[in-house]
$ cat coords_36.csv   # CSV, N, CA and C atoms and all ligand atoms
chain,number,residue,atom,x,y,z
K,179,MET,N,164.6,129.4,122.9
K,179,MET,CA,163.4,129.4,123.7
K,179,MET,C,162.8,128.0,123.7
K,180,GLU,N,162.5,127.5,124.9
K,180,GLU,CA,161.9,126.2,125.1
K,180,GLU,C,160.5,126.4,125.7
K,181,ILE,N,159.5,125.9,125.1
K,181,ILE,CA,158.2,126.0,125.7
K,181,ILE,C,157.8,124.6,126.3
K,182,ARG,N,157.6,124.6,127.5
K,182,ARG,CA,157.3,123.4,128.2
K,182,ARG,C,155.8,123.3,128.6
K,183,VAL,N,155.1,122.3,128.3
K,183,VAL,CA,153.7,122.1,128.7
K,183,VAL,C,153.6,120.9,129.6
K,184,ILE,N,153.0,121.1,130.8
K,184,ILE,CA,152.8,120.0,131.7
K,184,ILE,C,151.4,119.4,131.3
K,185,GLU,N,151.4,118.5,130.4
K,185,GLU,CA,150.2,118.1,129.7
K,185,GLU,C,149.1,117.6,130.7
K,186,GLU,N,149.5,116.9,131.8
K,186,GLU,CA,148.5,116.4,132.7
K,186,GLU,C,147.8,117.5,133.5
K,187,ARG,N,148.3,118.7,133.5
K,187,ARG,CA,147.7,119.9,134.1
K,187,ARG,C,146.8,120.7,133.2
K,188,CYS,N,147.0,120.5,131.9
K,188,CYS,CA,146.4,121.4,131.0
K,188,CYS,C,144.9,121.1,130.8
K,189,LYS,N,144.0,122.1,130.8
K,189,LYS,CA,142.6,121.9,130.6
K,189,LYS,C,142.2,122.2,129.2
K,190,GLY,N,143.1,122.6,128.4
K,190,GLY,CA,142.8,122.9,127.0
K,190,GLY,C,141.9,124.1,126.9
K,191,CYS,N,142.0,125.0,127.8
K,191,CYS,CA,141.1,126.2,127.8
K,191,CYS,C,141.4,127.2,126.7
K,192,GLY,N,142.6,127.2,126.2
K,192,GLY,CA,143.0,128.0,125.1
K,192,GLY,C,143.4,129.5,125.5
K,193,MET,N,143.4,129.8,126.8
K,193,MET,CA,143.8,131.2,127.2
K,193,MET,C,145.2,131.5,126.7
K,194,CYS,N,146.1,130.5,126.8
K,194,CYS,CA,147.5,130.8,126.4
K,194,CYS,C,147.5,131.0,124.8
K,195,ILE,N,146.7,130.3,124.1
K,195,ILE,CA,146.6,130.5,122.7
K,195,ILE,C,146.2,131.9,122.3
K,196,TYR,N,145.2,132.4,123.1
K,196,TYR,CA,144.5,133.7,122.9
K,196,TYR,C,145.6,134.8,123.1
K,197,VAL,N,146.4,134.7,124.1
K,197,VAL,CA,147.3,135.8,124.4
K,197,VAL,C,148.6,135.8,123.6
K,198,CYS,N,148.9,134.7,122.9
K,198,CYS,CA,150.1,134.5,122.2
K,198,CYS,C,150.1,135.2,120.8
K,199,ALA,N,150.7,136.4,120.8
K,199,ALA,CA,150.6,137.2,119.5
K,199,ALA,C,151.2,136.5,118.3
K,200,PRO,N,152.3,135.9,118.3
K,200,PRO,CA,152.8,135.2,117.1
K,200,PRO,C,152.2,133.9,116.8
K,201,LYS,N,151.2,133.5,117.6
K,201,LYS,CA,150.4,132.2,117.3
K,201,LYS,C,151.3,131.0,117.3
K,202,VAL,N,152.0,130.8,118.3
K,202,VAL,CA,152.9,129.7,118.5
K,202,VAL,C,152.2,128.4,118.9
K,203,LEU,N,151.1,128.6,119.6
K,203,LEU,CA,150.4,127.5,120.3
K,203,LEU,C,149.2,127.0,119.6
K,204,SER,N,148.8,125.7,119.9
K,204,SER,CA,147.6,125.2,119.4
K,204,SER,C,147.1,124.1,120.3
K,205,ILE,N,145.8,123.8,120.2
K,205,ILE,CA,145.3,122.6,120.9
K,205,ILE,C,145.7,121.3,120.2
K,206,SER,N,146.2,120.4,120.9
K,206,SER,CA,146.6,119.1,120.2
K,206,SER,C,145.4,118.4,119.7
K,207,LYS,N,145.5,117.8,118.6
K,207,LYS,CA,144.3,117.0,118.0
K,207,LYS,C,144.5,115.6,118.4
K,208,ASN,N,145.7,115.1,118.6
K,208,ASN,CA,146.0,113.7,118.8
K,208,ASN,C,146.1,113.3,120.3
K,209,LYS,N,146.6,114.2,121.1
K,209,LYS,CA,146.9,113.9,122.5
K,209,LYS,C,145.6,114.1,123.4
K,210,ILE,N,145.5,113.3,124.4
K,210,ILE,CA,144.4,113.5,125.4
K,210,ILE,C,145.0,113.1,126.7
K,211,ASN,N,144.7,114.0,127.8
K,211,ASN,CA,145.4,113.7,129.1
K,211,ASN,C,144.4,112.9,130.0
K,212,ALA,N,144.8,112.6,131.2
K,212,ALA,CA,144.1,111.7,132.1
K,212,ALA,C,142.7,112.4,132.5
K,213,MET,N,142.6,113.7,132.4
K,213,MET,CA,141.4,114.4,132.7
K,213,MET,C,140.4,114.4,131.5
K,214,GLY,N,140.9,114.0,130.4
K,214,GLY,CA,140.1,113.9,129.2
K,214,GLY,C,140.2,115.2,128.3
K,215,PHE,N,141.2,116.0,128.6
K,215,PHE,CA,141.3,117.2,127.8
K,215,PHE,C,142.4,117.1,126.7
K,216,HIS,N,142.3,117.8,125.7
K,216,HIS,CA,143.3,117.9,124.7
K,216,HIS,C,144.3,119.0,125.1
K,217,PRO,N,145.5,118.7,125.5
K,217,PRO,CA,146.4,119.7,126.0
K,217,PRO,C,147.0,120.6,124.8
K,218,VAL,N,147.5,121.7,125.2
K,218,VAL,CA,148.0,122.6,124.3
K,218,VAL,C,149.4,122.1,123.8
K,219,GLU,N,149.9,122.5,122.7
K,219,GLU,CA,151.2,122.1,122.2
K,219,GLU,C,151.8,123.3,121.4
K,220,ALA,N,153.1,123.3,121.4
K,220,ALA,CA,153.8,124.4,120.7
K,220,ALA,C,154.0,124.0,119.2
K,221,LEU,N,153.2,124.5,118.3
K,221,LEU,CA,153.3,124.2,116.9
K,221,LEU,C,154.5,124.9,116.2
K,222,TYR,N,154.7,126.1,116.6
K,222,TYR,CA,155.8,126.9,116.0
K,222,TYR,C,156.7,127.5,117.0
K,223,PRO,N,157.5,126.7,117.7
K,223,PRO,CA,158.3,127.2,118.8
K,223,PRO,C,159.3,128.2,118.3
K,224,GLU,N,159.7,128.1,117.0
K,224,GLU,CA,160.7,129.1,116.5
K,224,GLU,C,160.2,130.5,116.4
K,225,LYS,N,158.9,130.6,116.5
K,225,LYS,CA,158.3,132.0,116.5
K,225,LYS,C,158.2,132.6,117.9
K,226,CYS,N,158.5,131.9,118.9
K,226,CYS,CA,158.3,132.3,120.3
K,226,CYS,C,159.1,133.6,120.6
K,227,LEU,N,158.5,134.6,121.2
K,227,LEU,CA,159.2,135.8,121.5
K,227,LEU,C,159.7,135.8,123.0
K,228,GLY,N,159.3,134.8,123.7
K,228,GLY,CA,159.8,134.8,125.1
K,228,GLY,C,159.1,135.8,126.0
K,229,CYS,N,157.9,136.2,125.6
K,229,CYS,CA,157.2,137.2,126.4
K,229,CYS,C,156.6,136.7,127.7
K,230,ARG,N,156.4,135.4,127.8
K,230,ARG,CA,155.8,134.7,128.9
K,230,ARG,C,154.4,135.0,129.2
K,231,MET,N,153.7,135.6,128.2
K,231,MET,CA,152.2,135.9,128.4
K,231,MET,C,151.5,134.6,128.7
K,232,CYS,N,151.9,133.5,128.0
K,232,CYS,CA,151.2,132.2,128.2
K,232,CYS,C,151.4,131.7,129.6
K,233,GLU,N,152.6,131.9,130.1
K,233,GLU,CA,152.9,131.5,131.4
K,233,GLU,C,152.1,132.2,132.5
K,234,TYR,N,152.0,133.6,132.3
K,234,TYR,CA,151.3,134.4,133.2
K,234,TYR,C,149.8,134.1,133.2
K,235,ILE,N,149.2,133.8,132.1
K,235,ILE,CA,147.8,133.7,132.0
K,235,ILE,C,147.2,132.4,132.4
K,236,CYS,N,148.1,131.3,132.3
K,236,CYS,CA,147.6,130.0,132.5
K,236,CYS,C,147.1,129.8,134.0
K,237,PRO,N,145.8,129.5,134.2
K,237,PRO,CA,145.3,129.3,135.5
K,237,PRO,C,145.8,128.0,136.2
K,238,GLU,N,146.3,127.1,135.4
K,238,GLU,CA,146.7,125.8,135.9
K,238,GLU,C,148.2,125.7,136.1
K,239,PHE,N,149.0,126.7,135.8
K,239,PHE,CA,150.5,126.6,135.8
K,239,PHE,C,151.0,125.5,135.0
K,240,ALA,N,150.4,125.3,133.8
K,240,ALA,CA,150.7,124.2,133.0
K,240,ALA,C,151.6,124.5,131.9
K,241,ILE,N,152.1,125.7,131.7
K,241,ILE,CA,153.0,126.1,130.6
K,241,ILE,C,154.0,127.0,131.1
K,242,TYR,N,155.2,126.8,130.7
K,242,TYR,CA,156.3,127.8,131.1
K,242,TYR,C,157.4,127.8,130.1
K,243,ILE,N,158.2,128.9,130.1
K,243,ILE,CA,159.2,129.1,129.1
K,243,ILE,C,160.6,129.0,129.7
K,244,ILE,N,161.4,128.4,129.0
K,244,ILE,CA,162.8,128.3,129.5
K,244,ILE,C,163.7,129.0,128.4
K,245,LYS,N,164.4,130.0,128.8
K,245,LYS,CA,165.3,130.7,127.9
K,245,LYS,C,166.6,130.1,127.9
K,246,ASN,N,167.1,129.6,126.8
K,246,ASN,CA,168.4,129.0,126.8
K,246,ASN,C,169.4,130.0,126.2
K,247,GLU,N,170.6,129.6,126.0
K,247,GLU,CA,171.7,130.5,125.7
K,247,GLU,C,171.5,131.2,124.3
K,248,ARG,N,170.8,130.5,123.4
K,248,ARG,CA,170.6,131.0,122.1
K,248,ARG,C,169.4,132.0,122.0
K,249,SER,N,168.6,132.1,123.1
K,249,SER,CA,167.4,132.9,123.0
K,249,SER,C,167.4,134.0,124.0
K,301,LIG,S1,156.3,133.2,125.5
K,301,LIG,FE1,154.9,134.6,124.4
K,301,LIG,S2,155.4,134.2,122.2
K,301,LIG,FE2,156.2,132.4,123.4
K,301,LIG,S3,154.6,130.9,123.4
K,301,LIG,FE3,154.3,132.2,125.2
K,301,LIG,S4,152.9,133.8,124.7
K,301,LIG,FE4,153.7,132.9,122.8
K,302,LIG,S1,148.4,125.6,129.1
K,302,LIG,FE1,147.1,126.6,130.6
K,302,LIG,S2,146.1,128.4,129.5
K,302,LIG,FE2,147.0,126.9,128.0
K,302,LIG,S3,145.2,125.7,127.4
K,302,LIG,FE3,146.4,124.6,129.0
K,302,LIG,S4,145.3,125.2,130.9
K,302,LIG,FE4,144.7,126.6,129.3
$ encode --input "coords_36.csv" --output "structure tokens" --more "lines below"
Ligand code: SF4
Ligand code: SF4
Amino acid sequence: MEIRVIEERCKGCGMCIYVCAPKVLSISKNKINAMGFHPVEALYPEKCLGCRMCEYICPEFAIYIIKNERS
């Protein structure tokens, strides 16, 4: 499972973090995008279930999941 974040679109609203049951995601402490927001990042991608809840909930279409052959 690959979790892709389009950092320049992310508002750091945390909705994807809220809906992610295995707590894969977190707001980045170090990164800041051109809009001045801390984007979300995948801290524990190995825990991802591929449920796509983060993708469905994101109002900015800033996060999406790619299922590869091993997932
Ligand atoms: S696909 Fe599901 S488990 Fe994976 S990061 Fe998104 S909400 Fe979390
Ligand atoms: S990826 Fe989307 S839902 Fe998650 S923090 Fe960024 S804007 Fe909000």
$ closest_residue --input "coords_36.csv" --among "K:Cys188, K:Leu203, K:Ile243, K:Cys194" --to "Pro223 of chain K" --atoms "only N, CA and C atoms"
K:Leu203
$ closest_residue --input "coords_36.csv" --among "K:Ser206, K:Cys191, K:Ala199, K:Ile181" --to "ligand LIG 302 (chain K)" --atoms "only N, CA and C atoms and all ligand atoms"
K:Cys191
$ atom_distance --input "coords_36.csv" --atom1 "atom S3 of ligand LIG 302 (chain K)" --atom2 "atom CA of Glu233 of chain K"
10.4 Å
$ residues_near_ligand --input "coords_36.csv" --ligand "ligand LIG 302 (chain K)" --cutoff "6 Å" --atoms "only N, CA and C atoms and all ligand atoms" --output "PyMOL selection string"
chain K and resi 187-195+217-218+235-241
$ residues_around --input "coords_36.csv" --residues "Glu186 of chain K" --least-positions-apart "4" --cutoff "7 Å" --atoms "all atoms listed in the file" --output "list in words"
Asn211, Ala212 and Met213 of chain K
$ closest_residue --input "coords_36.csv" --among "K:His216, K:Lys245, K:Lys207, K:Lys225" --to "ligand LIG 301 (chain K)" --atoms "all atoms listed in the file"
K:Lys225
$ residues_near_ligand --input "coords_36.csv" --ligand "ligand LIG 301 (chain K)" --cutoff "5 Å" --atoms "all atoms listed in the file" --output "MDAnalysis selection string"
chainID K and resid 197:198 226:232
$ write_last_selection --input "coords_36.csv" --atoms "N, CA and C atoms" --output "short mmCIF file (atom, residue, chain, number, x, y, z; two decimals), in the frame of the given file"
data_model
loop_
_atom_site.label_atom_id
_atom_site.label_comp_id
_atom_site.auth_asym_id
_atom_site.auth_seq_id
_atom_site.Cartn_x
_atom_site.Cartn_y
_atom_site.Cartn_z
N VAL K 197 146.40 134.70 124.10
CA VAL K 197 147.30 135.80 124.40
C VAL K 197 148.60 135.80 123.60
N CYS K 198 148.90 134.70 122.90
CA CYS K 198 150.10 134.50 122.20
C CYS K 198 150.10 135.20 120.80
N CYS K 226 158.50 131.90 118.90
CA CYS K 226 158.30 132.30 120.30
C CYS K 226 159.10 133.60 120.60
N LEU K 227 158.50 134.60 121.20
CA LEU K 227 159.20 135.80 121.50
C LEU K 227 159.70 135.80 123.00
N GLY K 228 159.30 134.80 123.70
CA GLY K 228 159.80 134.80 125.10
C GLY K 228 159.10 135.80 126.00
N CYS K 229 157.90 136.20 125.60
CA CYS K 229 157.20 137.20 126.40
C CYS K 229 156.60 136.70 127.70
N ARG K 230 156.40 135.40 127.80
CA ARG K 230 155.80 134.70 128.90
C ARG K 230 154.40 135.00 129.20
N MET K 231 153.70 135.60 128.20
CA MET K 231 152.20 135.90 128.40
C MET K 231 151.50 134.60 128.70
N CYS K 232 151.90 133.50 128.00
CA CYS K 232 151.20 132.20 128.20
C CYS K 232 151.40 131.70 129.60
#
$ atom_distance --input "coords_36.csv" --atom1 "atom CA of Ile205 of chain K" --atom2 "atom CA of Glu247 of chain K"
28.0 Å
$ residues_around --input "coords_36.csv" --residues "Glu224 of chain K" --least-positions-apart "3" --cutoff "9 Å" --atoms "only C-alpha atoms" --output "short mmCIF file (atom, residue, chain, number, x, y, z; two decimals) with N, CA and C atoms, in the frame of the given file"
data_model
loop_
_atom_site.label_atom_id
_atom_site.label_comp_id
_atom_site.auth_asym_id
_atom_site.auth_seq_id
_atom_site.Cartn_x
_atom_site.Cartn_y
_atom_site.Cartn_z
N MET K 179 164.60 129.40 122.90
CA MET K 179 163.40 129.40 123.70
C MET K 179 162.80 128.00 123.70
N VAL K 202 152.00 130.80 118.30
CA VAL K 202 152.90 129.70 118.50
C VAL K 202 152.20 128.40 118.90
N LEU K 221 153.20 124.50 118.30
CA LEU K 221 153.30 124.20 116.90
C LEU K 221 154.50 124.90 116.20
N LEU K 227 158.50 134.60 121.20
CA LEU K 227 159.20 135.80 121.50
C LEU K 227 159.70 135.80 123.00
#
$ select_by_dssp --input "coords_36.csv" --residues "segment 183-238 of chain K" --states "alpha helix (DSSP H)" --output "PyMOL selection string"
chain K and resi 193-197+231-235
$ atom_distance --input "coords_36.csv" --atom1 "atom CA of Tyr234 of chain K" --atom2 "atom CA of Asn208 of chain K"
25.8 Å
$ select_by_dssp --input "coords_36.csv" --residues "chain K" --states "strand (DSSP E)" --output "list in words"
Glu180, Ile181, Arg182, Val183, Leu203, Ser204, Ile205, Val218, Glu219, Ala220, Ile241, Tyr242, Ile243 and Ile244 of chain K
$ write_last_selection --input "coords_36.csv" --atoms "N, CA and C atoms" --output "short mmCIF file (atom, residue, chain, number, x, y, z; two decimals), in the frame of the given file"
data_model
loop_
_atom_site.label_atom_id
_atom_site.label_comp_id
_atom_site.auth_asym_id
_atom_site.auth_seq_id
_atom_site.Cartn_x
_atom_site.Cartn_y
_atom_site.Cartn_z
N GLU K 180 162.50 127.50 124.90
CA GLU K 180 161.90 126.20 125.10
C GLU K 180 160.50 126.40 125.70
N ILE K 181 159.50 125.90 125.10
CA ILE K 181 158.20 126.00 125.70
C ILE K 181 157.80 124.60 126.30
N ARG K 182 157.60 124.60 127.50
CA ARG K 182 157.30 123.40 128.20
C ARG K 182 155.80 123.30 128.60
N VAL K 183 155.10 122.30 128.30
CA VAL K 183 153.70 122.10 128.70
C VAL K 183 153.60 120.90 129.60
N LEU K 203 151.10 128.60 119.60
CA LEU K 203 150.40 127.50 120.30
C LEU K 203 149.20 127.00 119.60
N SER K 204 148.80 125.70 119.90
CA SER K 204 147.60 125.20 119.40
C SER K 204 147.10 124.10 120.30
N ILE K 205 145.80 123.80 120.20
CA ILE K 205 145.30 122.60 120.90
C ILE K 205 145.70 121.30 120.20
N VAL K 218 147.50 121.70 125.20
CA VAL K 218 148.00 122.60 124.30
C VAL K 218 149.40 122.10 123.80
N GLU K 219 149.90 122.50 122.70
CA GLU K 219 151.20 122.10 122.20
C GLU K 219 151.80 123.30 121.40
N ALA K 220 153.10 123.30 121.40
CA ALA K 220 153.80 124.40 120.70
C ALA K 220 154.00 124.00 119.20
N ILE K 241 152.10 125.70 131.70
CA ILE K 241 153.00 126.10 130.60
C ILE K 241 154.00 127.00 131.10
N TYR K 242 155.20 126.80 130.70
CA TYR K 242 156.30 127.80 131.10
C TYR K 242 157.40 127.80 130.10
N ILE K 243 158.20 128.90 130.10
CA ILE K 243 159.20 129.10 129.10
C ILE K 243 160.60 129.00 129.70
N ILE K 244 161.40 128.40 129.00
CA ILE K 244 162.80 128.30 129.50
C ILE K 244 163.70 129.00 128.40
#
$ closest_residue --input "coords_36.csv" --among "K:Asn246, K:Lys201, K:Ala220, K:Tyr196" --to "Arg182 of chain K" --atoms "all atoms listed in the file"
K:Ala220
